[in-house]
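Source file: start.pdb. Holds: PDB, C-alpha atoms and all ligand atoms.
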```pdb
MODEL        1
ATOM      1  CA  MET A   1      -6.696 -45.739  37.133
ATOM      2  CA  ALA A   2      -3.458 -43.833  36.817
ATOM      3  CA  GLY A   3      -3.695 -43.436  33.000
ATOM      4  CA  ALA A   4      -6.911 -41.426  33.249
ATOM      5  CA  THR A   5      -5.229 -38.420  34.887
ATOM      6  CA  THR A   6      -2.440 -38.487  32.297
ATOM      7  CA  LEU A   7      -4.973 -38.499  29.462
ATOM      8  CA  ALA A   8      -6.815 -35.543  30.954
ATOM      9  CA  ALA A   9      -3.706 -33.375  31.014
ATOM     10  CA  PRO A  10      -3.587 -32.331  27.319
ATOM     11  CA  THR A  11      -7.039 -30.774  27.507
ATOM     12  CA  VAL A  12      -5.675 -27.962  29.679
ATOM     13  CA  LEU A  13      -2.938 -27.153  27.160
ATOM     14  CA  ARG A  14      -3.764 -24.333  24.775
ATOM     15  CA  ALA A  15      -3.389 -24.854  21.055
ATOM     16  CA  GLN A  16      -0.610 -22.600  19.742
ATOM     17  CA  THR A  17      -0.368 -21.178  16.267
ATOM     18  CA  ALA A  18       2.745 -19.386  14.997
ATOM     19  CA  TRP A  19       2.675 -17.563  11.670
ATOM     20  CA  ASP A  20       5.354 -15.727   9.742
ATOM     21  CA  MET A  21       4.281 -12.490   8.082
ATOM     22  CA  PRO A  22       6.452 -10.682   5.527
ATOM     23  CA  VAL A  23       5.768  -6.955   5.166
ATOM     24  CA  PRO A  24       7.534  -4.728   2.625
ATOM     25  CA  TYR A  25       8.286  -1.539   4.523
ATOM     26  CA  THR A  26      10.615  -0.351   7.321
ATOM     27  CA  ASP A  27       9.873  -0.519  11.037
ATOM     28  CA  GLY A  28       9.598   3.279  11.058
ATOM     29  CA  THR A  29       6.728   3.197   8.541
ATOM     30  CA  TYR A  30       3.284   3.600  10.096
ATOM     31  CA  HIS A  31       1.952   0.664   8.038
ATOM     32  CA  THR A  32       4.474  -1.647   9.687
ATOM     33  CA  GLN A  33       3.781  -0.100  13.085
ATOM     34  CA  ASN A  34       0.057  -0.608  12.573
ATOM     35  CA  VAL A  35       0.618  -4.256  11.597
ATOM     36  CA  ARG A  36       2.644  -4.741  14.791
ATOM     37  CA  TRP A  37      -0.163  -3.132  16.799
ATOM     38  CA  TRP A  38      -2.641  -5.528  15.149
ATOM     39  CA  VAL A  39      -0.411  -8.512  15.981
ATOM     40  CA  GLU A  40      -0.256  -7.381  19.640
ATOM     41  CA  GLU A  41      -4.034  -7.002  19.836
ATOM     42  CA  ILE A  42      -4.470 -10.508  18.476
ATOM     43  CA  ALA A  43      -1.919 -11.909  20.929
ATOM     44  CA  LYS A  44      -3.711 -10.212  23.834
ATOM     45  CA  ALA A  45      -7.177 -11.311  22.734
ATOM     46  CA  THR A  46      -6.096 -14.932  22.322
ATOM     47  CA  GLY A  47      -4.113 -15.174  25.554
ATOM     48  CA  GLY A  48      -0.915 -15.514  23.521
ATOM     49  CA  SER A  49      -2.081 -18.581  21.595
ATOM     50  CA  MET A  50      -1.938 -16.790  18.203
ATOM     51  CA  LYS A  51       1.585 -15.617  17.461
ATOM     52  CA  ILE A  52       2.397 -13.714  14.286
ATOM     53  CA  GLN A  53       6.007 -12.849  13.638
ATOM     54  CA  VAL A  54       6.403  -9.785  11.439
ATOM     55  CA  HIS A  55       9.391  -9.681   9.066
ATOM     56  CA  SER A  56       9.734  -6.062   7.922
ATOM     57  CA  ASN A  57      11.477  -4.221   5.088
ATOM     58  CA  ASN A  58      11.416  -7.017   2.479
ATOM     59  CA  SER A  59      13.599  -9.153   4.776
ATOM     60  CA  LEU A  60      11.830 -12.526   4.533
ATOM     61  CA  ILE A  61      10.107 -12.230   1.146
ATOM     62  CA  ARG A  62      10.303  -9.242  -1.180
ATOM     63  CA  LEU A  63       7.156  -7.321  -2.065
ATOM     64  CA  PRO A  64       6.835  -8.608  -5.660
ATOM     65  CA  GLU A  65       6.711 -12.200  -4.306
ATOM     66  CA  ILE A  66       4.444 -11.678  -1.286
ATOM     67  CA  LEU A  67       1.111 -12.049  -3.128
ATOM     68  CA  ARG A  68       2.098 -15.435  -4.507
ATOM     69  CA  ALA A  69       3.620 -16.547  -1.196
ATOM     70  CA  VAL A  70       0.312 -15.915   0.604
ATOM     71  CA  SER A  71      -1.678 -17.426  -2.249
ATOM     72  CA  THR A  72       0.283 -20.704  -2.229
ATOM     73  CA  GLY A  73       0.467 -20.841   1.569
ATOM     74  CA  GLN A  74       4.257 -20.497   1.639
ATOM     75  CA  VAL A  75       3.399 -17.964   4.338
ATOM     76  CA  ALA A  76       0.029 -17.767   6.093
ATOM     77  CA  ALA A  77      -0.062 -13.951   6.128
ATOM     78  CA  GLY A  78       1.556 -10.969   4.472
ATOM     79  CA  GLU A  79       1.168  -7.321   3.642
ATOM     80  CA  ILE A  80       1.330  -5.911   0.114
ATOM     81  CA  LEU A  81       1.166  -2.647  -1.764
ATOM     82  CA  ILE A  82      -1.902  -3.617  -3.798
ATOM     83  CA  SER A  83      -1.042  -1.675  -6.971
ATOM     84  CA  GLN A  84       2.328  -3.440  -7.228
ATOM     85  CA  PHE A  85       0.255  -6.296  -8.700
ATOM     86  CA  GLY A  86      -1.645  -4.317 -11.317
ATOM     87  CA  ASN A  87      -0.427  -6.655 -14.044
ATOM     88  CA  GLU A  88      -2.188  -9.585 -12.348
ATOM     89  CA  ASP A  89      -5.550  -7.850 -12.220
ATOM     90  CA  PRO A  90      -6.336  -4.242 -13.186
ATOM     91  CA  PHE A  91      -8.575  -3.989 -10.103
ATOM     92  CA  TYR A  92      -5.384  -3.909  -8.040
ATOM     93  CA  GLU A  93      -4.156  -0.692  -9.647
ATOM     94  CA  LEU A  94      -7.278   1.450  -9.429
ATOM     95  CA  ASP A  95      -6.143   3.348  -6.314
ATOM     96  CA  SER A  96      -2.926   4.484  -8.024
ATOM     97  CA  ILE A  97      -4.437   6.184 -11.071
ATOM     98  CA  PRO A  98      -3.421   9.843 -10.712
ATOM     99  CA  PHE A  99      -6.259  12.229  -9.902
ATOM    100  CA  LEU A 100      -9.023   9.646 -10.016
ATOM    101  CA  ALA A 101      -9.487  10.072  -6.257
ATOM    102  CA  GLN A 102      -7.791  12.994  -4.575
ATOM    103  CA  GLY A 103      -7.375  13.371  -0.826
ATOM    104  CA  LEU A 104      -8.489  11.222   2.062
ATOM    105  CA  ASP A 105     -12.243  11.581   1.616
ATOM    106  CA  GLN A 106     -12.234  10.541  -2.055
ATOM    107  CA  ALA A 107      -9.675   7.799  -1.437
ATOM    108  CA  THR A 108     -11.972   6.357   1.243
ATOM    109  CA  LYS A 109     -14.889   6.450  -1.183
ATOM    110  CA  LEU A 110     -12.858   4.770  -3.915
ATOM    111  CA  TYR A 111     -11.992   2.032  -1.434
ATOM    112  CA  GLU A 112     -15.655   1.564  -0.514
ATOM    113  CA  ALA A 113     -16.661   1.454  -4.174
ATOM    114  CA  SER A 114     -13.997  -1.097  -5.114
ATOM    115  CA  LYS A 115     -13.702  -3.242  -1.990
ATOM    116  CA  ALA A 116     -16.042  -6.038  -3.075
ATOM    117  CA  ALA A 117     -14.278  -6.431  -6.441
ATOM    118  CA  LEU A 118     -10.896  -6.422  -4.723
ATOM    119  CA  GLN A 119     -11.941  -9.057  -2.208
ATOM    120  CA  ALA A 120     -13.479 -11.244  -4.897
ATOM    121  CA  SER A 121     -10.298 -11.132  -6.986
ATOM    122  CA  LEU A 122      -8.123 -12.045  -3.997
ATOM    123  CA  GLN A 123     -10.530 -14.836  -3.008
ATOM    124  CA  LYS A 124      -9.930 -16.425  -6.417
ATOM    125  CA  ARG A 125      -6.269 -16.711  -5.429
ATOM    126  CA  GLY A 126      -7.160 -18.319  -2.115
ATOM    127  CA  ILE A 127      -6.548 -15.103  -0.231
ATOM    128  CA  ARG A 128      -8.638 -13.252   2.327
ATOM    129  CA  MET A 129      -8.098  -9.523   2.766
ATOM    130  CA  LEU A 130      -8.418  -8.595   6.441
ATOM    131  CA  TYR A 131      -7.922  -4.872   6.153
ATOM    132  CA  SER A 132      -6.457  -2.197   3.927
ATOM    133  CA  VAL A 133      -4.850   1.163   4.723
ATOM    134  CA  ALA A 134      -3.946   4.084   2.454
ATOM    135  CA  TRP A 135      -0.590   5.760   1.983
ATOM    136  CA  PRO A 136      -0.432   9.552   2.208
ATOM    137  CA  SER A 137      -0.929  11.429  -1.059
ATOM    138  CA  GLN A 138       1.635  10.784  -3.759
ATOM    139  CA  ALA A 139       4.155  13.470  -4.692
ATOM    140  CA  PHE A 140       6.987  13.859  -7.173
ATOM    141  CA  TYR A 141      10.563  14.092  -5.900
ATOM    142  CA  SER A 142      13.540  15.071  -7.985
ATOM    143  CA  LYS A 143      17.031  16.472  -8.059
ATOM    144  CA  THR A 144      15.947  19.303 -10.391
ATOM    145  CA  PRO A 145      12.733  21.406 -10.454
ATOM    146  CA  ILE A 146       9.734  19.911 -12.288
ATOM    147  CA  ASN A 147       7.559  22.740 -13.602
ATOM    148  CA  SER A 148       6.037  20.795 -16.460
ATOM    149  CA  ALA A 149       6.225  17.413 -18.153
ATOM    150  CA  ALA A 150       8.993  18.870 -20.342
ATOM    151  CA  ASP A 151      11.227  18.893 -17.239
ATOM    152  CA  MET A 152      10.648  15.139 -16.866
ATOM    153  CA  ARG A 153      11.555  14.246 -20.438
ATOM    154  CA  GLY A 154      14.099  11.421 -20.324
ATOM    155  CA  MET A 155      14.272  11.572 -16.514
ATOM    156  CA  LYS A 156      14.910   8.173 -14.969
ATOM    157  CA  PHE A 157      11.927   8.035 -12.675
ATOM    158  CA  ARG A 158      11.367   5.576  -9.845
ATOM    159  CA  THR A 159       7.847   4.177  -9.859
ATOM    160  CA  VAL A 160       5.980   1.844  -7.503
ATOM    161  CA  SER A 161       3.539   0.005  -9.741
ATOM    162  CA  PRO A 162       2.762  -0.787 -13.390
ATOM    163  CA  ILE A 163       0.198   2.013 -13.527
ATOM    164  CA  THR A 164       2.638   4.637 -12.197
ATOM    165  CA  SER A 165       5.212   3.348 -14.700
ATOM    166  CA  ARG A 166       2.670   3.941 -17.460
ATOM    167  CA  MET A 167       2.061   7.427 -16.050
ATOM    168  CA  ALA A 168       5.784   8.212 -16.065
ATOM    169  CA  GLU A 169       6.039   6.972 -19.640
ATOM    170  CA  LEU A 170       3.119   9.137 -20.780
ATOM    171  CA  LEU A 171       4.847  12.120 -19.152
ATOM    172  CA  GLY A 172       7.973  11.422 -21.181
ATOM    173  CA  ALA A 173      10.074  10.013 -18.324
ATOM    174  CA  VAL A 174      11.820   6.633 -18.195
ATOM    175  CA  PRO A 175      10.106   4.503 -15.538
ATOM    176  CA  THR A 176      12.323   2.365 -13.330
ATOM    177  CA  ALA A 177      10.896  -0.044 -10.758
ATOM    178  CA  VAL A 178      12.749   0.325  -7.459
ATOM    179  CA  GLN A 179      11.614  -1.044  -4.099
ATOM    180  CA  ALA A 180      11.270   1.577  -1.347
ATOM    181  CA  SER A 181      14.067  -0.150   0.586
ATOM    182  CA  GLU A 182      16.436   0.528  -2.330
ATOM    183  CA  VAL A 183      15.458   4.117  -3.148
ATOM    184  CA  PRO A 184      18.451   5.865  -1.467
ATOM    185  CA  GLN A 185      20.896   3.578  -3.274
ATOM    186  CA  ALA A 186      19.139   4.084  -6.626
ATOM    187  CA  PHE A 187      19.437   7.873  -6.291
ATOM    188  CA  ALA A 188      23.000   7.718  -4.981
ATOM    189  CA  THR A 189      24.084   5.815  -8.086
ATOM    190  CA  ASN A 190      21.948   7.937 -10.476
ATOM    191  CA  ILE A 191      19.906   4.917 -11.541
ATOM    192  CA  VAL A 192      17.046   7.354 -10.965
ATOM    193  CA  THR A 193      16.879  11.122 -10.488
ATOM    194  CA  GLY A 194      13.160  11.431  -9.766
ATOM    195  CA  MET A 195      10.389   9.408  -8.145
ATOM    196  CA  ILE A 196       6.761   9.199  -7.151
ATOM    197  CA  THR A 197       5.945   8.342  -3.540
ATOM    198  CA  SER A 198       4.447   9.814  -0.381
ATOM    199  CA  GLY A 199       5.975  12.057   2.257
ATOM    200  CA  ALA A 200       5.996   8.988   4.502
ATOM    201  CA  THR A 201       8.334   7.012   2.257
ATOM    202  CA  GLY A 202      10.353  10.148   1.503
ATOM    203  CA  VAL A 203      11.048  10.612   5.207
ATOM    204  CA  GLN A 204      11.850   6.906   5.703
ATOM    205  CA  SER A 205      14.363   7.064   2.854
ATOM    206  CA  ARG A 206      15.790  10.469   3.991
ATOM    207  CA  ALA A 207      14.952  11.993   0.615
ATOM    208  CA  TRP A 208      16.715  15.278   1.461
ATOM    209  CA  GLU A 209      20.028  13.445   1.180
ATOM    210  CA  PHE A 210      19.529  12.795  -2.539
ATOM    211  CA  ALA A 211      16.740  15.059  -3.865
ATOM    212  CA  SER A 212      15.950  18.743  -3.419
ATOM    213  CA  GLN A 213      12.453  19.087  -4.887
ATOM    214  CA  PHE A 214       9.123  17.895  -3.503
ATOM    215  CA  VAL A 215       6.164  18.624  -5.759
ATOM    216  CA  ASN A 216       3.037  18.223  -3.667
ATOM    217  CA  LEU A 217       0.797  16.837  -6.412
ATOM    218  CA  ARG A 218      -1.584  14.884  -4.158
ATOM    219  CA  ALA A 219      -2.064  12.575  -7.125
ATOM    220  CA  SER A 220      -3.499   9.479  -5.416
ATOM    221  CA  MET A 221      -3.499   7.445  -2.222
ATOM    222  CA  PRO A 222      -2.407   3.876  -2.981
ATOM    223  CA  LYS A 223      -3.243   1.259  -0.371
ATOM    224  CA  ASN A 224      -1.526  -1.577   1.411
ATOM    225  CA  ALA A 225      -3.527  -4.672   2.311
ATOM    226  CA  VAL A 226      -3.079  -7.269   5.033
ATOM    227  CA  LEU A 227      -3.754 -10.698   3.606
ATOM    228  CA  VAL A 228      -4.111 -14.240   4.900
ATOM    229  CA  ASN A 229      -4.083 -17.566   3.123
ATOM    230  CA  GLU A 230      -7.662 -18.872   3.136
ATOM    231  CA  ARG A 231      -6.757 -22.492   3.992
ATOM    232  CA  ALA A 232      -4.580 -21.371   6.913
ATOM    233  CA  TRP A 233      -7.441 -19.129   8.010
ATOM    234  CA  LEU A 234      -9.930 -21.994   7.992
ATOM    235  CA  ARG A 235      -7.568 -24.112  10.125
ATOM    236  CA  LEU A 236      -7.653 -21.524  12.933
ATOM    237  CA  PRO A 237      -9.975 -22.073  15.891
ATOM    238  CA  GLU A 238     -13.110 -19.953  15.560
ATOM    239  CA  PRO A 239     -12.288 -17.736  18.599
ATOM    240  CA  VAL A 240      -8.916 -16.874  17.031
ATOM    241  CA  ARG A 241     -10.598 -15.907  13.753
ATOM    242  CA  GLN A 242     -13.022 -13.735  15.711
ATOM    243  CA  ALA A 243     -10.126 -12.055  17.526
ATOM    244  CA  MET A 244      -8.372 -11.376  14.221
ATOM    245  CA  LEU A 245     -11.503  -9.919  12.650
ATOM    246  CA  ALA A 246     -12.025  -7.673  15.677
ATOM    247  CA  ALA A 247      -8.401  -6.470  15.580
ATOM    248  CA  SER A 248      -8.688  -5.835  11.827
ATOM    249  CA  ALA A 249     -11.857  -3.787  12.286
ATOM    250  CA  GLN A 250      -9.820  -1.522  14.585
ATOM    251  CA  ALA A 251      -6.531  -1.541  12.684
ATOM    252  CA  GLU A 252      -8.125  -0.297   9.467
ATOM    253  CA  PRO A 253      -9.534   3.043  10.722
ATOM    254  CA  ARG A 254      -6.497   3.410  12.990
ATOM    255  CA  GLY A 255      -4.228   3.123   9.927
ATOM    256  CA  TRP A 256      -6.242   5.617   7.849
ATOM    257  CA  LYS A 257      -6.045   8.099  10.727
ATOM    258  CA  LEU A 258      -2.281   7.616  10.830
ATOM    259  CA  ALA A 259      -2.117   8.209   7.060
ATOM    260  CA  ALA A 260      -3.774  11.609   7.519
ATOM    261  CA  GLU A 261      -1.454  12.553  10.384
ATOM    262  CA  VAL A 262       1.679  11.346   8.628
ATOM    263  CA  GLU A 263       0.727  13.208   5.441
ATOM    264  CA  ILE A 264       1.036  16.513   7.308
ATOM    265  CA  ALA A 265       3.954  15.619   9.590
ATOM    266  CA  SER A 266       6.112  14.109   6.845
ATOM    267  CA  VAL A 267       5.926  17.154   4.560
ATOM    268  CA  GLU A 268       6.990  19.282   7.538
ATOM    269  CA  GLU A 269       9.873  16.916   8.184
ATOM    270  CA  LEU A 270      11.012  17.152   4.550
ATOM    271  CA  ARG A 271      10.834  20.949   4.742
ATOM    272  CA  LYS A 272      12.752  21.029   8.024
ATOM    273  CA  ASN A 273      15.510  19.020   6.386
ATOM    274  CA  GLY A 274      15.889  21.549   3.624
ATOM    275  CA  MET A 275      13.774  20.239   0.764
ATOM    276  CA  THR A 276      11.998  22.739  -1.468
ATOM    277  CA  ILE A 277       8.263  22.015  -1.087
ATOM    278  CA  VAL A 278       6.164  23.336  -3.953
ATOM    279  CA  ASP A 279       2.627  22.978  -5.232
ATOM    280  CA  PRO A 280       2.450  21.804  -8.834
ATOM    281  CA  THR A 281       2.409  24.552 -11.447
ATOM    282  CA  PRO A 282      -0.931  24.846 -13.300
ATOM    283  CA  GLN A 283       0.811  23.428 -16.371
ATOM    284  CA  LEU A 284       2.150  20.320 -14.603
ATOM    285  CA  LEU A 285      -1.208  19.806 -12.925
ATOM    286  CA  THR A 286      -3.011  19.970 -16.277
ATOM    287  CA  GLU A 287      -0.544  17.550 -17.833
ATOM    288  CA  VAL A 288      -0.696  14.956 -15.048
ATOM    289  CA  LYS A 289      -4.485  15.230 -14.868
ATOM    290  CA  ALA A 290      -4.712  14.585 -18.612
ATOM    291  CA  VAL A 291      -2.575  11.472 -18.153
ATOM    292  CA  GLY A 292      -4.821  10.406 -15.254
ATOM    293  CA  ALA A 293      -7.934  10.791 -17.429
ATOM    294  CA  LYS A 294      -6.310   8.703 -20.151
ATOM    295  CA  LEU A 295      -5.303   6.012 -17.654
ATOM    296  CA  THR A 296      -8.857   5.898 -16.296
ATOM    297  CA  GLU A 297     -10.154   5.372 -19.818
ATOM    298  CA  GLU A 298      -7.598   2.654 -20.469
ATOM    299  CA  TRP A 299      -8.575   1.063 -17.165
ATOM    300  CA  ILE A 300     -12.256   0.970 -18.094
ATOM    301  CA  GLY A 301     -11.220  -0.545 -21.417
ATOM    302  CA  LYS A 302      -9.432  -3.357 -19.555
ATOM    303  CA  THR A 303     -12.119  -4.006 -16.957
ATOM    304  CA  GLY A 304     -15.300  -3.552 -19.011
ATOM    305  CA  ASP A 305     -18.697  -3.464 -17.308
ATOM    306  CA  ALA A 306     -17.311  -4.511 -13.918
ATOM    307  CA  GLY A 307     -14.882  -1.580 -13.971
ATOM    308  CA  LYS A 308     -17.494   0.838 -15.244
ATOM    309  CA  ALA A 309     -19.787  -0.153 -12.376
ATOM    310  CA  VAL A 310     -17.055   0.561  -9.824
ATOM    311  CA  ILE A 311     -16.313   3.997 -11.330
ATOM    312  CA  GLU A 312     -20.045   4.835 -11.386
ATOM    313  CA  ASN A 313     -20.377   3.687  -7.786
ATOM    314  CA  PHE A 314     -17.408   5.901  -6.850
ATOM    315  CA  ASN A 315     -18.801   8.908  -8.722
ATOM    316  CA  SER A 316     -22.163   8.578  -7.007
ATOM    317  CA  ARG A 317     -20.393   8.498  -3.630
ATOM    318  CA  ILE A 318     -18.397  11.660  -4.269
ATOM    319  CA  ARG A 319     -21.509  13.444  -5.501
ATOM    320  CA  ALA A 320     -23.433  12.430  -2.377
TER     321      ALA A 320
HETATM  322  N1  LIG B 401       5.103   4.471  -0.410
HETATM  323  C1  LIG B 401       5.275   3.182  -1.007
HETATM  324  C2  LIG B 401       4.037   2.976  -1.808
HETATM  325  C3  LIG B 401       3.362   4.279  -1.903
HETATM  326  C4  LIG B 401       4.059   5.127  -0.920
HETATM  327  O1  LIG B 401       3.720   6.236  -0.576
HETATM  328  C5  LIG B 401       6.463   3.157  -1.922
HETATM  329  O2  LIG B 401       6.856   4.198  -2.414
HETATM  330  O3  LIG B 401       6.968   2.074  -2.177
ENDMDL
END
```
Here is a file; write its structure as structure tokens.
Amino acid sequence: MAGATTLAAPTVLRAQTAWDMPVPYTDGTYHTQNVRWWVEEIAKATGGSMKIQVHSNNSLIRLPEILRAVSTGQVAAGEILISQFGNEDPFYELDSIPFLAQGLDQATKLYEASKAALQASLQKRGIRMLYSVAWPSQAFYSKTPINSAADMRGMKFRTVSPITSRMAELLGAVPTAVQASEVPQAFATNIVTGMITSGATGVQSRAWEFASQFVNLRASMPKNAVLVNERAWLRLPEPVRQAMLAASAQAEPRGWKLAAEVEIASVEELRKNGMTIVDPTPQLLTEVKAVGAKLTEEWIGKTGDAGKAVIENFNSRIRA
């Protein structure tokens, strides 16, 4: 009968899913570009049935609220700077301890050593981590030369996470939390006169317009993570989940490769625009390393045996 053909029609329609995804950084940032690449791959692999709309530069939800938004399901996906949330769980701040892991190779090993603990902690909040990508090495920027911690005394210093705030404090500076999107404004109004961040974020914020000094400390490589709400994840058709896992397995190494490339290119860009690029003086290096060692000890104190196991795992990897 006539009704039978009508009933058959819906089976040829594809199920559509549309997600919103807040990400903290600008469209020019390779993290955001890599997320957009990932979204495209997923769209292609699912014949357009999985649509993720990226909202960049803190436009939909600001970074400090993104973890909770993904956890509660307010949004199904989001990207975070993991160490922003160090107060929620010390495992989130490990990658931002200065001089614990230096350079790409050690940062990769720290990630491998801490990944299971990170995933387990996020799982407890109903969150699945799909992939994680490092920032280029962290440097100090300032209006005036920083040859030692004495030059930072009382300096209003923009930091990115609780652990870098603690570092600034131990160096005698006055830590001030400022989102990357607001860095130029904070310098222009002298709310800060120094900061810690990578060459990547320095270029995105046109650091040469407000700071003259770039101290190439190579202190750490903090990571971003791409997260999904677990309940939203479980509602997806299995082929879509498979497509997302496959895209994530590519986006992660792709992002780390970009981090290495951007680390070199961004310092060149800062130099070209007139910034003074210097290596840290032996004195500054000694002082920041001492702070890093203290922060590592404090971190082990907070995390106990679980933290100690991660550090031992990391140490055995860098010795290998
Ligand atoms: N850029 C981000 C996090 C670390 C980095 O290099 C920022 O400064 O906010």
Evaluating the PyMOL selection byres (((chain A and resi 176-183) around 6) and not hetatm) on the displayed file yields which residues, as a PDB file with C-alpha atoms, in the coordinates of the input?
```
ATOM      1  CA  PHE A 157      11.927   8.035 -12.675  1.00  0.00           C
ATOM      2  CA  ARG A 158      11.367   5.576  -9.845  1.00  0.00           C
ATOM      3  CA  THR A 159       7.847   4.177  -9.859  1.00  0.00           C
ATOM      4  CA  PRO A 175      10.106   4.503 -15.538  1.00  0.00           C
ATOM      5  CA  PRO A 184      18.451   5.865  -1.467  1.00  0.00           C
ATOM      6  CA  GLN A 185      20.896   3.578  -3.274  1.00  0.00           C
ATOM      7  CA  ALA A 186      19.139   4.084  -6.626  1.00  0.00           C
TER       8      ALA A 186
END
```
Which residue gives the smallest distance to Arg231 in chain A among A:Tyr92, A:Gly78, A:Gly126, A:Thr17, with only C-alpha atoms counted?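 Distance minimum relative to Arg231 in chain A lands on A:Gly126.
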Quick one: residues within 6 Å of Gln138 in chain A, all atoms listed in the file, excluding same-chain residues fewer than 3 positions away - as number ranges by chain? A: 197-198, 218-220
Name the residues, by chain letter and number, that sit within 10 Å of ligand LIG 401 (chain B) using only C-alpha atoms and all ligand atoms, and give them as a PyMOL selection string. chain A and resi 24-25+29+31+63+80-84+96+134-139+158-161+177-183+195-202+204-205+220-224+259+263
Find the distance between CA of Trp19 in chain A and CA of Lys51 in chain A and write it in Å to one decimal. 6.2 Å
Do you know which residues are at most 10 Å from range 109-117 of chain A counting only C-alpha atoms, after dropping those on the same chain fewer than 6 positions away, and could you put them as a ChimeraX atom specification? /A:91-92,94-95,100-102,123,129,132-134,221-223,306-307,309-318
Could those selected residues go to a file with C-alpha atoms, as a PDB file, in the coordinates of the input?
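Saved file selection-v1.pdb follows:
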```
ATOM      1  CA  PHE A  91      -8.575  -3.989 -10.103  1.00  0.00           C
ATOM      2  CA  TYR A  92      -5.384  -3.909  -8.040  1.00  0.00           C
ATOM      3  CA  LEU A  94      -7.278   1.450  -9.429  1.00  0.00           C
ATOM      4  CA  ASP A  95      -6.143   3.348  -6.314  1.00  0.00           C
ATOM      5  CA  LEU A 100      -9.023   9.646 -10.016  1.00  0.00           C
ATOM      6  CA  ALA A 101      -9.487  10.072  -6.257  1.00  0.00           C
ATOM      7  CA  GLN A 102      -7.791  12.994  -4.575  1.00  0.00           C
ATOM      8  CA  GLN A 123     -10.530 -14.836  -3.008  1.00  0.00           C
ATOM      9  CA  MET A 129      -8.098  -9.523   2.766  1.00  0.00           C
ATOM     10  CA  SER A 132      -6.457  -2.197   3.927  1.00  0.00           C
ATOM     11  CA  VAL A 133      -4.850   1.163   4.723  1.00  0.00           C
ATOM     12  CA  ALA A 134      -3.946   4.084   2.454  1.00  0.00           C
ATOM     13  CA  MET A 221      -3.499   7.445  -2.222  1.00  0.00           C
ATOM     14  CA  PRO A 222      -2.407   3.876  -2.981  1.00  0.00           C
ATOM     15  CA  LYS A 223      -3.243   1.259  -0.371  1.00  0.00           C
ATOM     16  CA  ALA A 306     -17.311  -4.511 -13.918  1.00  0.00           C
ATOM     17  CA  GLY A 307     -14.882  -1.580 -13.971  1.00  0.00           C
ATOM     18  CA  ALA A 309     -19.787  -0.153 -12.376  1.00  0.00           C
ATOM     19  CA  VAL A 310     -17.055   0.561  -9.824  1.00  0.00           C
ATOM     20  CA  ILE A 311     -16.313   3.997 -11.330  1.00  0.00           C
ATOM     21  CA  GLU A 312     -20.045   4.835 -11.386  1.00  0.00           C
ATOM     22  CA  ASN A 313     -20.377   3.687  -7.786  1.00  0.00           C
ATOM     23  CA  PHE A 314     -17.408   5.901  -6.850  1.00  0.00           C
ATOM     24  CA  ASN A 315     -18.801   8.908  -8.722  1.00  0.00           C
ATOM     25  CA  SER A 316     -22.163   8.578  -7.007  1.00  0.00           C
ATOM     26  CA  ARG A 317     -20.393   8.498  -3.630  1.00  0.00           C
ATOM     27  CA  ILE A 318     -18.397  11.660  -4.269  1.00  0.00           C
TER      28      ILE A 318
END
```
What is the distance between CA of Leu60 in chain A and CA of Ala207 in chain A, in Å to one decimal?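 Answer for the CA of Leu60 in chain A to CA of Ala207 in chain A separation: 25.0 Å.
Take CA of Ala69 in chain A and CA of Met21 in chain A: the distance between them is 10.1 Å.
Among A:Thr296, A:Arg153, A:Met244, A:Asn57, the residue with the shortest atom-to-atom distance to Gln33 in chain A, counting only C-alpha atoms, is A:Asn57.
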If the PyMOL selection byres (((chain A and resi 284-292) around 9) and not hetatm) is run on the structure shown, which residues does it catch, given as a list in words?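 Given this file, the PyMOL selection byres (((chain A and resi 284-292) around 9) and not hetatm) evaluates to Ile97, Pro98, Phe99, Leu100, Ile146, Asn147, Ser148, Ala149, Met167, Leu170, Leu171, Leu217, Ala219, Pro280, Thr281, Pro282, Gln283, Ala293, Lys294, Leu295, Thr296 and Glu297 of chain A.
For the set A:Arg128, A:Thr193, A:Leu227, A:Ile163, the residue with the smallest atom-to-atom gap to Pro22 in chain A is A:Leu227, counting only C-alpha atoms.
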So that I can check the surroundings of Ser142 in chain A, please list as a count of residues only every protein, DNA and RNA residue that reaches within 7 Å of it, counting only C-alpha atoms and ignoring chain neighbours fewer than 3 positions away. 8
Result set of the PyMOL selection byres (((chain A and resi 243) around 9) and not hetatm) on the coordinates above, as a PyMOL selection string: chain A and resi 41-43+45-46+238-242+244-248
